Amino acid sequence: MADGWCTDTGEAVYRSRDAVKNLRIRVRIQRVTSTAALSQHLHHQVLSHQERGAIELDTFSSQTQMASATDEEELVVGWQEKFFSQFEVDLYQTETNCQSPLERQYHTEILATERTKRRKNQRIFTYTDFDRFAKWEEQAQSLLIPARPKPTFLAERMANVRHRRQERRPVEPIVPKSCTIVWEPSEEFIKNSHTINTPVQSMYIMGDLGASGKLGLKENEYVLCTIRADSNGVITIKPDFNNNRGAYRLETVGEKREVWRLYLENASEDIKAEEKEREQHMYRDLYTRHRDYLNSLVGQDFEMPPPGVLRLIVNGEIVSAQGYEYDNLYVHFFLDLPNSWSSVPFHCLSGVTQTCRTRSLGKEDVAFFSYPFSFESFFRKEDESDGSLPQWPVLYFKVLSLDFWQRYRTEGYGFLVIPSTPGCHKMTCQTWRPIQTGTVAELRRFFIGGAPELEDISYVRLPGTFKGERLSRFGFRTKTTGSVTFNLNCIQHARAFIDANTLKRRRQTVLDQLGGHSQQGSVYNVLEAFQRARKRMQEARESLPRDLINTTGLNSESTA
């Protein structure tokens, strides 16, 4: 603050849970130089010459009132409340100048205001979100520069984004198929892509700071306050409310550089106690209805699988891959269901991760995927007489790398047997890849990509088409590569679990009752045996000589 002026003209961000339509701002402007100084001088002359005639006093008073009326103005503005400037009044009074429905509505409102003679403003007016003023937003710098009709490049690019009501231009989505992230963007790319698609509403409180009697000129329009609000309750105001600070300094541009004071005050009414209680009651009722609605969708009965069916839900995550030769890794995976297992119809049992660059972590190059996946399967044993253990689903995967020329290489194959116990499991699986002998294969892999691949990925473990007793891999050359880390959360759901728990609780109750009687019998048997042993020791002590009793220390106290 310098010489009583507030120099902090930055924007302030507020968050409100109340509707933005209840926002009220009191705006007051006051001229400091020129006519204001003359009116103040006239007012002092009137006070010093009160003994003069009434006619002269009335003349000075009328001049003072006229000067004060044009040099100072105060107006309370609501959110998106339209106040017309003198330029708009002169423009929209003529019906032929109104082309759009909005302009014709302005024409009707201006005529109604002129008939009732209830115009509240002279210098202060507003541009709402429906007006076209946002196209000049970047050039209309508040407090310093008037609103010029020539917008900047960014203002032109943002005009169609912020005002989607007037100009809805459909934009065809362009999704690159290969390179999603541009690691080295050019200046032209940055210039064309630097647009913000944030759905906000804007409002501008303007001031016509022209000379008295010359209102309605575009070059005299200045931005006093800019207000933006979004659907999340975030309100941005530039400049901020004065809050007992000095006034903001407005300085016009031109031959007559006049200075104005600007005061901004939050004039929103506080919510009344009755309205606050009514609002809280409404929210409680809304939350209660929403909870009842969710309960009606879920139901009271817990979803149970059919009898004799085991439901397996696997919520997993491919955490990372480390120890591979090349960069830009991604993982293909799918779940293989053995016999007696099934899945939900139209449920995808395969997937592919995003391409991830590696970073050095210790002595290893690690690619962090953090890719989630979820599988749901069911097990039903067809032959109840078969006493063999069921086979569990197997997750097969292969790791690949992608280079700058969009060539891929197979980095490794691996598999993971889904754990048979429920709970959280963190597993690291080693991988390998087939290789060919000779240097030519490695040169081909380095320069043009590609590598020997498995026709059947289940060959990593045990092929599904294999029916023999022994599988020979003699002559098959492989190379150990890196490893992949998984996080698995396994949930098992079956009706038999509830039946078994109920039976276990019943058995536990019977065992507790039987255990109580058996415990009493055991204590009785122990006491009876102790009595018999004590009696035998008494008989043995009486049969021994006295000196032997003293040396051995066998007396009644030690025996007891």
# chains A, B, ... in the order shown; residues from 1 in each chain; ligands from 1
$ residues_around --residues "Arg380 of chain A" --least-positions-apart "6" --cutoff "8 Å" --atoms "only C-alpha atoms" --output "PyMOL selection string"
chain A and resi 308-310+340-341
$ select_by_dssp --residues "segment 410-491 of chain A" --states "alpha helix (DSSP H)" --output "PyMOL selection string"
chain A and resi 439-447
$ write_last_selection --atoms "N, CA and C atoms" --output "mmCIF file, in the first residue's frame"
data_model
loop_
_atom_site.group_PDB
_atom_site.id
_atom_site.type_symbol
_atom_site.label_atom_id
_atom_site.label_comp_id
_atom_site.auth_asym_id
_atom_site.auth_seq_id
_atom_site.Cartn_x
_atom_site.Cartn_y
_atom_site.Cartn_z
ATOM 1 N N THR A 439 25.323 -65.315 -34.245
ATOM 2 C CA THR A 439 25.329 -63.867 -34.081
ATOM 3 C C THR A 439 24.281 -63.188 -34.936
ATOM 4 N N VAL A 440 23.867 -63.837 -36.017
ATOM 5 C CA VAL A 440 22.912 -63.219 -36.944
ATOM 6 C C VAL A 440 21.582 -62.958 -36.241
ATOM 7 N N ALA A 441 21.153 -63.880 -35.390
ATOM 8 C CA ALA A 441 19.879 -63.714 -34.700
ATOM 9 C C ALA A 441 19.911 -62.505 -33.773
ATOM 10 N N GLU A 442 21.043 -62.317 -33.067
ATOM 11 C CA GLU A 442 21.144 -61.161 -32.183
ATOM 12 C C GLU A 442 21.224 -59.852 -32.965
ATOM 13 N N LEU A 443 21.907 -59.868 -34.104
ATOM 14 C CA LEU A 443 21.962 -58.670 -34.940
ATOM 15 C C LEU A 443 20.577 -58.334 -35.486
ATOM 16 N N ARG A 444 19.843 -59.362 -35.906
ATOM 17 C CA ARG A 444 18.489 -59.128 -36.404
ATOM 18 C C ARG A 444 17.610 -58.561 -35.300
ATOM 19 N N ARG A 445 17.775 -59.076 -34.092
ATOM 20 C CA ARG A 445 16.976 -58.585 -32.964
ATOM 21 C C ARG A 445 17.311 -57.124 -32.643
ATOM 22 N N PHE A 446 18.568 -56.746 -32.786
ATOM 23 C CA PHE A 446 18.977 -55.386 -32.441
ATOM 24 C C PHE A 446 18.548 -54.381 -33.505
ATOM 25 N N PHE A 447 18.711 -54.736 -34.785
ATOM 26 C CA PHE A 447 18.513 -53.753 -35.846
ATOM 27 C C PHE A 447 17.080 -53.717 -36.364
#
$ residues_around --residues "segment 8-17 of chain A" --least-positions-apart "5" --cutoff "6 Å" --atoms "only C-alpha atoms" --output "PyMOL selection string"
chain A and resi 233-240
$ write_last_selection --atoms "all heavy atoms" --output "CSV table (one decimal), in the first residue's frame"
chain,number,residue,atom,x,y,z
A,233,GLY,N,-18.0,-24.9,-7.1
A,233,GLY,CA,-18.1,-23.9,-6.0
A,233,GLY,C,-16.9,-23.0,-5.9
A,233,GLY,O,-16.7,-22.3,-4.9
A,234,VAL,N,-16.0,-23.0,-6.8
A,234,VAL,CA,-14.7,-22.2,-6.8
A,234,VAL,C,-15.0,-20.9,-7.5
A,234,VAL,O,-15.4,-20.8,-8.7
A,234,VAL,CB,-13.6,-22.9,-7.5
A,234,VAL,CG1,-12.3,-22.0,-7.4
A,234,VAL,CG2,-13.3,-24.2,-6.8
A,235,ILE,N,-14.8,-19.8,-6.8
A,235,ILE,CA,-15.1,-18.4,-7.3
A,235,ILE,C,-13.8,-17.7,-7.3
A,235,ILE,O,-13.1,-17.6,-6.3
A,235,ILE,CB,-16.2,-17.7,-6.4
A,235,ILE,CG1,-17.5,-18.5,-6.3
A,235,ILE,CG2,-16.4,-16.3,-6.9
A,235,ILE,CD1,-18.5,-18.0,-5.4
A,236,THR,N,-13.5,-17.1,-8.4
A,236,THR,CA,-12.2,-16.3,-8.6
A,236,THR,C,-12.6,-14.9,-8.8
A,236,THR,O,-13.4,-14.6,-9.8
A,236,THR,CB,-11.4,-16.9,-9.7
A,236,THR,OG1,-11.1,-18.3,-9.5
A,236,THR,CG2,-10.1,-16.1,-9.8
A,237,ILE,N,-12.1,-14.0,-8.0
A,237,ILE,CA,-12.4,-12.6,-8.1
A,237,ILE,C,-11.1,-11.8,-8.3
A,237,ILE,O,-10.1,-12.0,-7.6
A,237,ILE,CB,-13.1,-12.1,-6.9
A,237,ILE,CG1,-14.4,-12.8,-6.7
A,237,ILE,CG2,-13.4,-10.6,-6.9
A,237,ILE,CD1,-15.2,-12.4,-5.5
A,238,LYS,N,-11.0,-10.9,-9.3
A,238,LYS,CA,-9.8,-10.1,-9.6
A,238,LYS,C,-10.3,-8.7,-9.9
A,238,LYS,O,-11.0,-8.5,-10.8
A,238,LYS,CB,-9.1,-10.7,-10.8
A,238,LYS,CG,-7.8,-9.9,-11.1
A,238,LYS,CD,-7.1,-10.5,-12.3
A,238,LYS,CE,-5.8,-9.7,-12.6
A,238,LYS,NZ,-5.1,-10.2,-13.7
A,239,PRO,N,-9.8,-7.7,-9.1
A,239,PRO,CA,-9.0,-7.9,-7.8
A,239,PRO,C,-9.9,-8.3,-6.7
A,239,PRO,O,-11.1,-8.3,-6.8
A,239,PRO,CB,-8.5,-6.4,-7.6
A,239,PRO,CG,-9.5,-5.6,-8.2
A,239,PRO,CD,-10.1,-6.3,-9.4
A,240,ASP,N,-9.3,-8.5,-5.5
A,240,ASP,CA,-10.0,-9.0,-4.4
A,240,ASP,C,-10.7,-7.9,-3.7
A,240,ASP,O,-10.5,-6.7,-4.0
A,240,ASP,CB,-9.0,-9.6,-3.4
A,240,ASP,CG,-9.6,-10.4,-2.3
A,240,ASP,OD1,-10.9,-10.7,-2.4
A,240,ASP,OD2,-8.9,-10.8,-1.3
$ closest_residue --among "A:Gln406, A:Leu337, A:Glu539, A:Ser193" --to "Gly464 of chain A" --atoms "only C-alpha atoms"
A:Leu337
$ select_by_dssp --residues "segment 326-457 of chain A" --states "strand (DSSP E or B)" --output "ChimeraX atom specification"
/A:329-336,341-343,350-352,356,359-361,364-380,394-402,408-417,423-434
$ closest_residue --among "A:Ile190, A:Val484, A:Ala273, A:Leu402" --to "Ser320 of chain A" --atoms "only C-alpha atoms"
A:Val484
